[in-house]
Every structure is written in C-alpha cells, then in structure tokens.
There are 2 protein chains.
Amino acid sequence: ARPRVGYFYVGKTANQLFVEHVRKLKVKDYKSRPVVVTEELSVYDAICTMFLEDVGTLFVVKDGGRLAGVVSRKDLLKIALGKQDLQAIPVSVVMTRMPNIITCSQEDTLYEAASKLMRNQVDALPVVRPMEDGEGLEVVGRITKTTITKAFVELGQESVL
Amino acid sequence: ARPRVGYFYVGKTANQLFVEHVRKLKVKDYKSRPVVVTEELSVYDAICTMFLEDVGTLFVVKDGGRLAGVVSRKDLLKIALGKQDLQAIPVSVVMTRMPNIITCSQEDTLYEAASKLMRNQVDALPVVRPMEDGEGLEVVGRITKTTITKAFVELGQESVL
C-alpha cells in the first residue's frame, strides 16, 4: 500500500480529485484543425499535403464533407515501398474506410479519446458529428497523440484545481 | 489524530499534489525497447524494419552501439517521394545526426520528456546513457508520444496518490 502521508480529506480524496480532473478535460477544448482531402487525390499529393500542412494523418471526404476514410503516414509508407507510380494511385486505395474508422465526438472526454488511441493503436481520431442530412459524419477536428502529449505537459505545469 | 473533515491542510494544496504526482513519473518506468539499426541499412530495409517491429522511429548506431542518428517515418516518407531506388540509399543519408538529436535519460521525469517532445516537435526520444568508454551515448530505451498517451490514460484511471 502507498503511504498515506501528506494529503487530506474534504469528502473526496486527493486521488479522486485527481482522476476527476483528468476526466474533466474535453475533446472540444483540445481538438485541432482537421486536414481533409478528396478520394481522387494521388498518394503522391497526399504525402505532399502532409508535409505542407505538417500533419501525420489526413481525413478523406466525399460529397460535401462526408467522412470516407483516414490515411496515416504508415499507410503511405507501405504503398511507397512498392515500385508503383505514386502519382497514379488515389488515396482511396490505401485509406482505412468507413465503417472501420475510429472516431470521437466533441463532448467526449480527452481521457476517452486517449483510451481509444491506445486501444485501437491509431495515431489520430477524427472528431465528428452527424451530417445535417443525417447520413454519415462530418469531420470537425482531430485528436492525435500530439494533442494528448500537450495535455499531459499542461497537467504537469498548471494550477488546475 | 488529525480531524478528517472540512477543508484544511498543512502546506500543500490538492493542486500541488496533483502537479507533483505528474512530475513524479520517471522515464525509466515508462520507456520501451529501442529498435536500432546500422548506418549502412538501406532506406527500403529501414521502412521494412519499422513495419516488422511496429515502431515509428529507428535509432541508428555505429561502432558497438554508439548513437549516430534517428530516423522517423517522416524522414522516410520524404525520401520516398523522390524517384530514387530506396534499396540504394543508406539511412545515414536521411537520418537526423548527432549532435542534433534530442535525447533524455533514465532519471528524467516523464514530464520533462513530454516537454521535449512538444518543444522540439519530434515523435520520439532515445533514452541514453554515456558509453562505457566515455565517448558518445548508448541507447537504452525510447519514449514516444505513444508512451505519453499511455501514461495519460493511466492518470485518468488509477488510484495514484
């Protein structure tokens, strides 16, 4: 058992306060701007877009913003190993497709999003909401392991409670 | 015995305890196994190694384990954009070299390592210690944004104090 010195009691233990604080952080307050591309974009241009936008994951959308796929650096590296012409292959060939995409919503906690990143071994989650016509999902942000690392650093420096 | 009701405490607030707890986590308790390759390895084989070992960063060593460079998925994607033969290019051409490598040591806190990841915009840090002959650094582990995300999830679920 851990020594119980140095903390006090106000109805809740410091530990409860601590866990509650971590779980209070919301996706909507931490999400960053999503970078979206269309299905026809070539693998070559997708890699260029990653460098220009300085992101490691692209979200692929169709008909006016409906989420269709996710492309990671890993997906692009794998295809780059082949001898194929990267300008002739569309990202739709290498992307992870709906309904296999792991997503989160604005009201989710950052803790839930981080748990999904770990459990599903992905680097990024699109933050989504239902499309206005009710069919499919619209991408409104992104949460990545960089987002979580930034939040971790804030936990170590901030006056939070 | 101290009365356990009401608000009170001697010396430290819950917030201080919280920050202290985050800063108590050590690199040595969270580091994962480093994957190392030699300078002559081709870019092609480096990409294969990343997939086989399921890592996003390789550490390049020379003469018996001395840290010489770091190669990320980003470095490899950039070179893959060219029309060159990936089997003919050694990783030493694309790696970040000493002394430009950001490192951490076993006794550092995870908070310090996470701060370095954010500040230097890198995905991974080699955990290093001085070589036995005193020249250069030996790689003994790795800390990545995945490590930090895992620690964040633990903070949200554990009884920690």
# chains A, B, ... in the order shown; residues from 1 in each chain; ligands from 1
call {"tool": "residues_around", "arguments": {"residues": "Ser105 in chain A", "least_positions_apart": "2", "cutoff": "9 Å", "atoms": "only C-alpha atoms", "output": "PDB file with C-alpha atoms, in the first residue's frame"}}
result
ATOM      1  CA  VAL A  27     -12.207  16.896 -26.737  1.00  0.00           C
ATOM      2  CA  LYS A  28     -13.810  20.155 -27.864  1.00  0.00           C
ATOM      3  CA  THR A 103     -13.900   8.437 -34.245  1.00  0.00           C
ATOM      4  CA  GLU A 107     -18.433  16.108 -25.984  1.00  0.00           C
ATOM      5  CA  ASP A 108     -16.207  13.095 -25.347  1.00  0.00           C
ATOM      6  CA  THR A 109     -13.533  13.474 -22.705  1.00  0.00           C
ATOM      7  CA  ALA A 113     -10.184   9.775 -26.811  1.00  0.00           C
ATOM      8  CA  PRO A 126     -11.318  12.451 -36.447  1.00  0.00           C
ATOM      9  CA  VAL A 127     -13.667  14.489 -34.252  1.00  0.00           C
ATOM     10  CA  VAL A 128     -17.060  14.057 -35.936  1.00  0.00           C
ATOM     11  CA  ARG A 129     -20.719  14.988 -35.751  1.00  0.00           C
ATOM     12  CA  VAL A 140     -14.885  18.962 -37.340  1.00  0.00           C
TER      13      VAL A 140
END
call {"tool": "select_by_dssp", "arguments": {"residues": "chain A", "states": "strand (DSSP E or B)", "output": "VMD selection string"}}
result
chain A and resid 9 13 26 32 36 to 38 42 57 to 62 66 to 72 90 96 to 97 104 109 124 to 130 137 to 144
call {"tool": "residues_around", "arguments": {"residues": "Tyr30 in chain A", "least_positions_apart": "6", "cutoff": "8 Å", "atoms": "only C-alpha atoms", "output": "ChimeraX atom specification"}}
result
/A:110,143,147,151
call {"tool": "write_last_selection", "arguments": {"atoms": "N, CA, C and O atoms", "output": "mmCIF file, in the first residue's frame"}}
result
data_model
loop_
_atom_site.group_PDB
_atom_site.id
_atom_site.type_symbol
_atom_site.label_atom_id
_atom_site.label_comp_id
_atom_site.auth_asym_id
_atom_site.auth_seq_id
_atom_site.Cartn_x
_atom_site.Cartn_y
_atom_site.Cartn_z
ATOM 1 N N LEU A 110 -11.210 13.877 -23.118
ATOM 2 C CA LEU A 110 -9.898 13.618 -23.694
ATOM 3 C C LEU A 110 -9.409 12.241 -23.219
ATOM 4 O O LEU A 110 -8.704 11.538 -23.948
ATOM 5 N N ILE A 143 -7.942 14.719 -33.046
ATOM 6 C CA ILE A 143 -7.237 14.473 -31.782
ATOM 7 C C ILE A 143 -6.128 13.474 -32.098
ATOM 8 O O ILE A 143 -6.384 12.434 -32.705
ATOM 9 N N THR A 147 -1.794 15.836 -29.406
ATOM 10 C CA THR A 147 -2.778 16.528 -28.557
ATOM 11 C C THR A 147 -2.670 16.045 -27.117
ATOM 12 O O THR A 147 -2.675 16.838 -26.165
ATOM 13 N N ALA A 151 -1.529 17.944 -23.606
ATOM 14 C CA ALA A 151 -2.373 17.986 -22.409
ATOM 15 C C ALA A 151 -1.616 17.449 -21.195
ATOM 16 O O ALA A 151 -1.737 17.980 -20.089
#
call {"tool": "calpha_fit_and_write", "arguments": {"fixed": "chain A", "moving": "chain B", "output": "compact mmCIF listing (two decimals) with C-alpha atoms, in the first residue's frame"}}
result
# COMPACT_ATOMS: atom_id res chain seq x y z
CA ALA B 1 -12.76 24.54 9.49
CA ARG B 2 -11.17 21.21 8.86
CA PRO B 3 -7.74 20.68 10.46
CA ARG B 4 -5.13 20.68 7.70
CA VAL B 5 -2.63 18.31 9.22
CA GLY B 6 -2.16 14.60 9.18
CA TYR B 7 -3.45 12.14 6.69
CA PHE B 8 -7.24 12.15 6.39
CA TYR B 9 -9.78 12.70 3.88
CA VAL B 10 -13.42 12.21 3.33
CA GLY B 11 -14.28 9.87 0.59
CA LYS B 12 -11.51 10.12 -1.95
CA THR B 13 -7.86 9.17 -1.91
CA ALA B 14 -5.15 11.14 -3.67
CA ASN B 15 -5.04 8.30 -6.15
CA GLN B 16 -8.69 8.63 -6.99
CA LEU B 17 -8.26 12.36 -7.48
CA PHE B 18 -5.33 11.68 -9.75
CA VAL B 19 -7.20 9.24 -11.95
CA GLU B 20 -10.21 11.53 -11.98
CA HIS B 21 -8.11 14.45 -13.09
CA VAL B 22 -6.68 12.54 -16.04
CA ARG B 23 -10.17 11.45 -16.99
CA LYS B 24 -11.53 14.98 -16.78
CA LEU B 25 -9.57 16.18 -19.84
CA LYS B 26 -11.87 16.49 -22.84
CA VAL B 27 -11.31 15.92 -26.54
CA LYS B 28 -12.91 19.28 -27.34
CA ASP B 29 -10.25 21.13 -25.35
CA TYR B 30 -7.31 19.37 -26.99
CA LYS B 31 -8.35 18.59 -30.58
CA SER B 32 -6.41 20.20 -33.38
CA ARG B 33 -7.49 21.34 -36.82
CA PRO B 34 -8.30 18.49 -39.22
CA VAL B 35 -6.74 18.50 -42.68
CA VAL B 36 -9.25 17.18 -45.22
CA VAL B 37 -8.89 16.22 -48.88
CA THR B 38 -11.22 14.76 -51.50
CA GLU B 39 -11.28 11.22 -52.85
CA GLU B 40 -9.94 12.16 -56.28
CA LEU B 41 -6.72 13.66 -54.91
CA SER B 42 -3.69 11.69 -56.14
CA VAL B 43 -1.40 9.83 -53.76
CA TYR B 44 1.36 12.16 -54.92
CA ASP B 45 -0.62 15.27 -53.97
CA ALA B 46 -1.71 13.66 -50.71
CA ILE B 47 1.95 13.23 -49.71
CA CYS B 48 2.64 16.86 -50.68
CA THR B 49 -0.35 17.99 -48.60
CA MET B 50 1.01 16.14 -45.57
CA PHE B 51 4.30 18.00 -45.87
CA LEU B 52 2.71 21.38 -46.54
CA GLU B 53 0.27 21.02 -43.63
CA ASP B 54 2.76 19.23 -41.40
CA VAL B 55 0.41 16.40 -40.43
CA GLY B 56 0.73 12.61 -40.47
CA THR B 57 -2.90 11.81 -41.26
CA LEU B 58 -5.39 13.18 -43.80
CA PHE B 59 -9.17 12.80 -43.65
CA VAL B 60 -10.92 12.13 -46.93
CA VAL B 61 -14.38 13.65 -47.39
CA LYS B 62 -17.06 13.58 -50.06
CA ASP B 63 -20.29 15.45 -50.88
CA GLY B 64 -19.87 18.50 -48.75
CA GLY B 65 -17.79 17.20 -45.91
CA ARG B 66 -19.03 13.67 -45.22
CA LEU B 67 -16.19 11.52 -43.79
CA ALA B 68 -15.25 8.85 -46.35
CA GLY B 69 -11.77 7.73 -45.34
CA VAL B 70 -8.53 8.20 -43.46
CA VAL B 71 -5.03 8.12 -44.98
CA SER B 72 -1.91 7.72 -42.88
CA ARG B 73 1.80 8.06 -43.67
CA LYS B 74 1.93 4.30 -43.42
CA ASP B 75 -0.73 3.85 -46.14
CA LEU B 76 1.17 6.22 -48.43
CA LEU B 77 4.56 4.62 -47.79
CA LYS B 78 3.14 1.22 -48.67
CA ILE B 79 1.86 2.37 -52.04
CA ALA B 80 5.11 4.28 -52.66
CA LEU B 81 6.99 0.97 -52.49
CA GLY B 82 5.35 -0.10 -55.75
CA LYS B 83 6.60 1.03 -59.12
CA GLN B 84 3.33 2.77 -59.91
CA ASP B 85 2.89 6.39 -60.91
CA LEU B 86 1.84 8.12 -57.68
CA GLN B 87 0.22 10.90 -59.65
CA ALA B 88 -2.17 8.44 -61.31
CA ILE B 89 -3.49 6.75 -58.15
CA PRO B 90 -6.29 8.45 -56.16
CA VAL B 91 -6.12 8.40 -52.35
CA SER B 92 -9.43 6.54 -52.32
CA VAL B 93 -7.48 3.42 -53.37
CA VAL B 94 -5.23 3.44 -50.30
CA MET B 95 -7.45 4.97 -47.60
CA THR B 96 -9.17 3.18 -44.73
CA ARG B 97 -12.90 3.49 -45.49
CA MET B 98 -16.07 3.97 -43.51
CA PRO B 99 -17.33 2.04 -41.58
CA ASN B 100 -13.85 0.84 -40.59
CA ILE B 101 -12.71 4.24 -39.31
CA ILE B 102 -12.14 4.66 -35.58
CA THR B 103 -13.56 8.04 -34.51
CA CYS B 104 -14.17 10.04 -31.35
CA SER B 105 -16.52 12.88 -30.46
CA GLN B 106 -15.98 16.26 -28.83
CA GLU B 107 -17.49 15.18 -25.53
CA ASP B 108 -15.30 12.10 -25.20
CA THR B 109 -12.49 12.25 -22.69
CA LEU B 110 -8.90 12.40 -23.85
CA TYR B 111 -8.42 9.20 -21.89
CA GLU B 112 -11.01 7.42 -24.05
CA ALA B 113 -9.42 8.78 -27.22
CA ALA B 114 -5.94 7.70 -26.09
CA SER B 115 -7.29 4.22 -25.26
CA LYS B 116 -8.75 3.97 -28.78
CA LEU B 117 -5.45 5.01 -30.36
CA MET B 118 -3.66 2.25 -28.45
CA ARG B 119 -6.31 -0.44 -28.83
CA ASN B 120 -6.73 0.05 -32.57
CA GLN B 121 -3.08 0.79 -33.29
CA VAL B 122 -3.75 4.00 -35.20
CA ASP B 123 -1.88 7.31 -35.06
CA ALA B 124 -4.89 9.62 -35.30
CA LEU B 125 -8.65 9.80 -34.76
CA PRO B 126 -11.01 12.15 -36.56
CA VAL B 127 -13.20 14.07 -34.11
CA VAL B 128 -16.67 13.82 -35.62
CA ARG B 129 -20.32 14.79 -35.20
CA PRO B 130 -23.42 13.71 -37.15
CA MET B 131 -23.95 15.57 -40.45
CA GLU B 132 -26.85 18.01 -40.38
CA ASP B 133 -28.89 15.81 -42.75
CA GLY B 134 -28.37 12.92 -40.36
CA GLU B 135 -26.42 10.81 -42.85
CA GLY B 136 -22.80 10.20 -42.09
CA LEU B 137 -20.24 12.11 -40.05
CA GLU B 138 -18.68 15.54 -40.32
CA VAL B 139 -15.02 15.96 -39.31
CA VAL B 140 -14.49 18.76 -36.81
CA GLY B 141 -11.02 18.01 -35.46
CA ARG B 142 -8.25 15.52 -34.96
CA ILE B 143 -6.65 13.80 -32.00
CA THR B 144 -3.23 12.19 -32.52
CA LYS B 145 -0.47 10.65 -30.45
CA THR B 146 1.11 14.11 -30.60
CA THR B 147 -2.00 15.54 -28.87
CA ILE B 148 -1.68 12.95 -26.11
CA THR B 149 2.07 13.54 -25.73
CA LYS B 150 1.39 17.26 -25.33
CA ALA B 151 -1.27 16.55 -22.67
CA PHE B 152 1.17 14.24 -20.86
CA VAL B 153 3.78 17.01 -20.72
CA GLU B 154 1.15 19.37 -19.29
CA LEU B 155 0.28 16.86 -16.58
CA GLY B 156 3.94 16.84 -15.52
CA GLN B 157 4.28 20.59 -15.28
CA GLU B 158 0.96 22.14 -14.38
CA SER B 159 -0.84 23.03 -11.22
CA VAL B 160 -3.83 21.00 -12.10
CA LEU B 161 -6.06 20.33 -9.14
call {"tool": "select_by_dssp", "arguments": {"residues": "range 84-153 of chain B", "states": "helix (DSSP H, G or I)", "output": "short mmCIF file (atom, residue, chain, number, x, y, z; two decimals) with C-alpha atoms, in the first residue's frame"}}
result
data_model
loop_
_atom_site.label_atom_id
_atom_site.label_comp_id
_atom_site.auth_asym_id
_atom_site.auth_seq_id
_atom_site.Cartn_x
_atom_site.Cartn_y
_atom_site.Cartn_z
CA VAL B 91 19.58 5.53 -43.84
CA SER B 92 22.60 7.65 -42.92
CA VAL B 93 21.59 9.98 -45.78
CA LEU B 110 8.20 11.77 -18.00
CA TYR B 111 7.05 15.38 -17.76
CA GLU B 112 10.48 16.59 -18.93
CA ALA B 113 10.49 14.07 -21.76
CA ALA B 114 6.98 15.08 -22.85
CA SER B 115 8.01 18.75 -22.77
CA LYS B 116 10.98 17.96 -25.03
CA LEU B 117 8.76 16.08 -27.48
CA MET B 118 6.47 19.10 -27.74
CA ARG B 119 9.16 21.78 -27.76
CA LYS B 145 4.05 10.22 -27.91
CA THR B 146 2.51 6.76 -27.55
CA THR B 147 4.31 6.36 -24.20
CA ILE B 148 2.90 9.68 -23.01
CA THR B 149 -0.61 8.84 -24.24
CA LYS B 150 -0.45 5.58 -22.30
CA ALA B 151 0.66 7.44 -19.14
CA PHE B 152 -2.19 9.95 -19.63
CA VAL B 153 -4.73 7.12 -19.76
#
